[in-house]
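This report concerns only the one structure given below.
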Amino acid sequence: MSMSTQPLTPEIVSQEGNAMVLSMGPQHPSTHGVLQIMLEIEGESVVKAEPEIGYLHTGIEKTAESLFWSQAQTVIERMDYLAPSSNALCYALAVEKLLGITDRIPERAQNVRVLLMELTRIASHCVWLGTHGIDLGAISVFFYCFDLRENVLDMQEATGGARMHPNYVRVGGLNGDLPAGYLDKLDAFIEKFPGRMRDLRGLLQANPIFQDRTIDVGILSVEEAIQWGVTGPSLRGSGVAYDVRKAFPYIGYDTYEFDVPTRTEGDAYARFLVRLDEMEQSHRIIKQARERLKKPGTVLLDDPKIVAPPKETIALSMEALIHHFKIVSEGFRVPPGDVYQSVEGPRGELGYYIVSNGENRPYRVRTRPPSMYNLQALKGIAPGNFIADLVVMIGSLDPVFGEVDR
Amino acid sequence: MPSTQTPPLAGAAIDPPSLRPSINDAIVERIEPSALRARLTALKAEGYTMLLDLGAVDYPERTPRFDVVYHLLNVFKPGRVRLLCGVDGSQPTLPSVMDLWKSADWAEREVFDLFGIVFEGHPDLRRIQLPYNWEGHPLRKDYPTRGAAKERSPRPAFANKMNVQAGTPPSGRTLEALQEQIKRAREADGK
């Protein structure tokens with residue numbers, strides 16, 4: 001931990017007891033973004049930790065209110081920049097529910113969505129594992145992780161043209177079928193993954209330094225985890241097998257075979273193991289989705305009131321031209337109502353509470369950000385630990401600040 | 001093109017949950033602020049042990065003006081409850097639920113920050129997403145999406161900020177008291 005090299009002026013020394021106040025971040029490399037933690041410390045021990053967030057607040061929820069339903073998805077995808085597809089999908093599912101078209105989404109589109117969700121989970125966990133490793137001094141893990149992530153980003157680039165935010169999932173299905181060559185890349189990825197997981201496990205799982213740093217660090221009991229609203233791998237590391245994919249199935253997750261890995265220890269090492277197991281389960285789901293993709297089919301809902309007709313038809317059909325013009329110039333309208341839809345993102349239960357007043361723009365989009373609630377638990381688990389362990393705890397809670405601050 | 005204005009409300013007041021309950025996989029209830037805490041306590045005892053989220057919606061032309069939305073979850077026997085609580089617009093206050101759920105801490109601070117709804121009994125109700133000296137509550141519908149360019153002043157200095165925290169503010173702090181505190185911190189900062 002780097003301490004300030006400036007002399008300790010009375011301004012930054014608290015007047016109570018021996019406790020000293022130290023600001024960690026927001027430019028600290030191990031805070032995974034722009035997190036500032038106000039620490040009250042006694043020697044090396046943390047007495048109180050108060051995370052200060054908001055440095056990355058971009059007003060996405062407010063922005064979304066003045067965009068069309070389809071445009072809003074573009075900014076919403078940018079919340080959790082490590083798992084863009086899960087944001088886009090969750091939003092699309094919520095809007096589809098409001099439109100009442102959930103049952104009419106083509107099967108192939110749903111299968112591809114499952115594929116995207118699991119790929120994005122692996123890619124996101126790769127960043128988590130790589131940076132978590134670096135925090136603890138295991139540099140080489142990072143390169144293995146980012147190599148694997150590259151393969152996923154290449155596939156994302158193929159679907160939407162952009163590596164980070166492909167905007168491929170749309171309300172009503174997908175923006176076009178999978179491009180040529182995608183499935184070959186996917187097959188290569190499926191082939192490569194088990195070996196790479198063995199490497200990753202080999203590098204860290206039995207590594208005595210890594211174990212020393214993570215076992216019994218940042219213990220989150222079941223009661224505490226529920227109190228703080230922790231979801232996702234962090235909750236499952238404490239022994240609760242709650243997974244939105246199983247509890248409230250969407251896009252056909254109930255037809256896939258997979259397990260929900262849990263651990264009971266609740267420490268950073270347990271969360272590490274849960275995430276690794278989860279990546280392997282994602283691989284299992286991806287293989288099943290790959291099988292289903294052998295069957296061709298449409299990937300976009302055929303409803304010109306919601307989805308613009310294919311570009312080719314515009315020159316041939318007056319109807320198509322009008323519908324296309326309408327969708328592009330004023331978007332589609334969504335019946336009034338409110339809906340809560342959630343998905344199992346890489347960090348936990350990602351939800352959108354959306355209110356529509358019948359217009360072509362969302363009236364209110366409220367995010368249920370899993371990172372924010374997970375990070376909040378830091379206040380509960382940090383006191384009594386060393387500052388150096390704080391880095392482990394932040395890493396093991398895996399916050400993404402685009403989503404915490406929005 | 002996206003308009004720079006917040007889109008106008010379509011005619012009469014809207015009351016979403018009663019309109020189309022069929023699309024919700026949750027139990028949806030509307031509740032009065034006076035009965036809120038009792039209902040939440042009862043639901044918690046029923047097994048909805050996690051406060052999943054707490055957000056708000058602004059309906060400027062409706063009375064009560066705000067809806068504060070509580071999402072509860074039972075993690076062991078999957079089930080959801082959504083409570084909507086109307087809050088008056090002139091002096092929006094609600095009792096805090098931080099003693100029931102720790103997760104309400106940041107959620108309530110965020111609703112306070114972006115909507116200006118005061119949660120009475122919250123031990124540390126201050127802005128969370130926006131700078132401490134921000135004026136207004138952006139997620140209100142009357143807050144413009146664009147405005148005149150304004151110089152953004154820095155956050156209060158480190159020491160002042162910590163004093164704000166170290167003072168362990170009494171519970172039930174009002175919005176005015178909070179603003180006063182921020183003002184004092186800002187003045188001290190200016191010296």
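Labels for the structure tokens follow display order: chains A, B, ..., residues from 1 in each chain, ligands from 1.
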
Proximity check region 323-402 of chain A to region 39-55 of chain A, 7 Å, nearest pairs one decimal Å, only C-alpha atoms, as CSV:
residue,atom,partner,partner_atom,distance
A:Lys379,CA,A:Ala49,CA,5.6
A:Ala382,CA,A:Ala49,CA,6.4
A:Pro383,CA,A:Val47,CA,5.0
A:Gly384,CA,A:Val46,CA,5.5
A:Asn385,CA,A:Ser45,CA,5.5
A:Phe386,CA,A:Ser45,CA,4.5
A:Ile387,CA,A:Glu44,CA,6.0

- [ ] Using DSSP on the backbone coordinates, identify all residues within region 44-139 of chain B classified as strand (DSSP E); present the result as an MDAnalysis selection string.
- [x] chainID B and resid 50:58 66:74 79:87 93:95 118:120

Prev. selection, N, CA and C atoms, output as a compact mmCIF listing (two decimals), in the first residue's frame:
# COMPACT_ATOMS: atom_id res chain seq x y z
N MET B 50 -34.23 -10.02 1.67
CA MET B 50 -33.28 -9.13 1.00
C MET B 50 -34.01 -7.93 0.40
N LEU B 51 -33.50 -6.75 0.73
CA LEU B 51 -33.97 -5.55 0.05
C LEU B 51 -33.13 -5.43 -1.21
N LEU B 52 -33.73 -5.84 -2.32
CA LEU B 52 -32.98 -5.94 -3.56
C LEU B 52 -32.64 -4.56 -4.11
N ASP B 53 -33.63 -3.69 -4.07
CA ASP B 53 -33.39 -2.36 -4.62
C ASP B 53 -34.42 -1.39 -4.07
N LEU B 54 -34.04 -0.14 -4.13
CA LEU B 54 -34.90 0.93 -3.68
C LEU B 54 -34.70 2.09 -4.65
N GLY B 55 -35.74 2.43 -5.36
CA GLY B 55 -35.61 3.50 -6.34
C GLY B 55 -36.82 4.41 -6.29
N ALA B 56 -36.84 5.42 -7.14
CA ALA B 56 -37.97 6.33 -7.13
C ALA B 56 -38.34 6.72 -8.56
N VAL B 57 -39.58 7.16 -8.70
CA VAL B 57 -40.08 7.67 -9.98
C VAL B 57 -40.79 8.98 -9.69
N ASP B 58 -40.63 9.94 -10.59
CA ASP B 58 -41.23 11.26 -10.39
C ASP B 58 -42.40 11.44 -11.36
N PHE B 66 -44.19 11.61 -5.93
CA PHE B 66 -43.16 10.59 -6.14
C PHE B 66 -43.68 9.20 -5.80
N ASP B 67 -43.11 8.24 -6.45
CA ASP B 67 -43.28 6.85 -6.05
C ASP B 67 -41.91 6.35 -5.61
N VAL B 68 -41.81 5.86 -4.39
CA VAL B 68 -40.58 5.18 -4.00
C VAL B 68 -40.88 3.70 -4.08
N VAL B 69 -40.00 2.98 -4.77
CA VAL B 69 -40.27 1.58 -5.10
C VAL B 69 -39.30 0.68 -4.34
N TYR B 70 -39.85 -0.22 -3.55
CA TYR B 70 -39.02 -1.18 -2.80
C TYR B 70 -39.14 -2.54 -3.46
N HIS B 71 -38.02 -3.13 -3.81
CA HIS B 71 -38.02 -4.47 -4.37
C HIS B 71 -37.49 -5.43 -3.31
N LEU B 72 -38.31 -6.36 -2.91
CA LEU B 72 -37.86 -7.34 -1.92
C LEU B 72 -37.71 -8.70 -2.58
N LEU B 73 -36.80 -9.48 -2.03
CA LEU B 73 -36.52 -10.79 -2.62
C LEU B 73 -36.37 -11.83 -1.53
N ASN B 74 -36.93 -13.00 -1.81
CA ASN B 74 -36.68 -14.15 -0.96
C ASN B 74 -35.65 -15.02 -1.68
N GLY B 79 -38.94 -15.58 -4.69
CA GLY B 79 -40.17 -14.80 -4.80
C GLY B 79 -39.84 -13.34 -4.65
N ARG B 80 -40.62 -12.51 -5.31
CA ARG B 80 -40.36 -11.08 -5.25
C ARG B 80 -41.60 -10.34 -4.79
N VAL B 81 -41.39 -9.23 -4.11
CA VAL B 81 -42.46 -8.31 -3.76
C VAL B 81 -42.02 -6.92 -4.16
N ARG B 82 -42.93 -6.17 -4.73
CA ARG B 82 -42.61 -4.78 -5.08
C ARG B 82 -43.61 -3.89 -4.36
N LEU B 83 -43.10 -3.00 -3.54
CA LEU B 83 -43.95 -2.07 -2.82
C LEU B 83 -43.77 -0.68 -3.42
N LEU B 84 -44.88 -0.04 -3.74
CA LEU B 84 -44.80 1.32 -4.22
C LEU B 84 -45.41 2.23 -3.18
N CYS B 85 -44.66 3.25 -2.82
CA CYS B 85 -45.11 4.14 -1.76
C CYS B 85 -45.15 5.57 -2.31
N GLY B 86 -46.33 6.15 -2.33
CA GLY B 86 -46.45 7.52 -2.82
C GLY B 86 -45.89 8.50 -1.80
N VAL B 87 -45.15 9.49 -2.29
CA VAL B 87 -44.58 10.50 -1.41
C VAL B 87 -44.98 11.87 -1.91
N THR B 93 -40.69 13.27 2.38
CA THR B 93 -39.96 12.53 3.42
C THR B 93 -40.56 11.14 3.57
N LEU B 94 -39.72 10.22 3.93
CA LEU B 94 -40.13 8.84 4.20
C LEU B 94 -39.29 8.34 5.36
N PRO B 95 -39.82 7.41 6.14
CA PRO B 95 -38.96 6.82 7.17
C PRO B 95 -37.87 5.95 6.54
N VAL B 118 -36.14 12.93 1.44
CA VAL B 118 -35.38 12.80 2.68
C VAL B 118 -35.85 11.55 3.43
N PHE B 119 -34.91 10.73 3.83
CA PHE B 119 -35.24 9.54 4.59
C PHE B 119 -34.95 9.80 6.06
N GLU B 120 -35.99 9.93 6.82
CA GLU B 120 -35.83 10.28 8.23
C GLU B 120 -35.31 9.09 9.01

Open item on the list: Let's see if you can do this: from backbone DSSP, list all helix (DSSP H, G or I) residues in region 20-154 of chain B, as a list in words.
Closed with: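 Everything in region 20-154 of chain B that counts as helix (DSSP H, G or I) is Pro21, Ser22, Ile23, Pro33, Ser34, Ala35, Leu36, Arg37, Ala38, Arg39, Leu40, Thr41, Ala42, Leu43, Lys44, Ala45, Glu46, Ala104, Asp105, Trp106, Ala107, Glu108, Arg109, Glu110, Val111, Phe112, Asp113, Leu114 and Phe115 of chain B.
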
Task: At most 6 Å to chain B: residues in chain A, only C-alpha atoms, as a list in words - done: Glu11, Ile12, Gly54, Lys62, Ser66, Leu67, Ile226, Gln227, Trp228, Gly229, Tyr242, Ala247, Gly337, Asp338 and Arg368 of chain A

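The two atoms in question, CA of Val217 (chain A) and CA of Leu273 (chain A), are spaced 13.8 Å apart.
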
Task: Residue among A:Ile381, A:Leu93, A:Val141, A:Ile190 lying closest to Ser396 (chain A), counting only C-alpha atoms - done: A:Ile381

Task: Who sits within 10 Å of region 324-326 of chain A, only C-alpha atoms, same chain under 4 positions skipped, as a ChimeraX atom specification - done: /A:304-311,313-314,318-320,330-332

Open item on the list: Can you tell me which residues surround Glu96 (chain A) at a distance of at most 10 Å, considering only C-alpha atoms, apart from same-chain residues fewer than 2 positions away, and format the answer as a ChimeraX atom specification?
Closed with: /A:90-94,98-105,170-173,306,334

- [ ] For Tyr144 (chain A), list every protein, DNA or RNA residue within 10 Å, evaluated using only C-alpha atoms, and leave out those in the same chain fewer than 3 positions away; present the list as a list in words.
- [x]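 Returned residues: Cys126, Leu129, Gly130, Ile139, Ser140, Val141, Asp147, Leu148, Arg149, Arg196, Met197, Asp199, Leu200 and Leu203 of chain A.
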
- [ ] Please provide the set of residues having any atom within 9 Å of Met79 (chain A), restricted to only C-alpha atoms, with same-chain residues fewer than 4 positions apart removed, written as a PyMOL selection string.
- [x] chain A and resi 60+75+83-84+87+400-406

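The space separating CA of Gln281 (chain A) from CA of Asp259 (chain A) comes to 6.7 Å.
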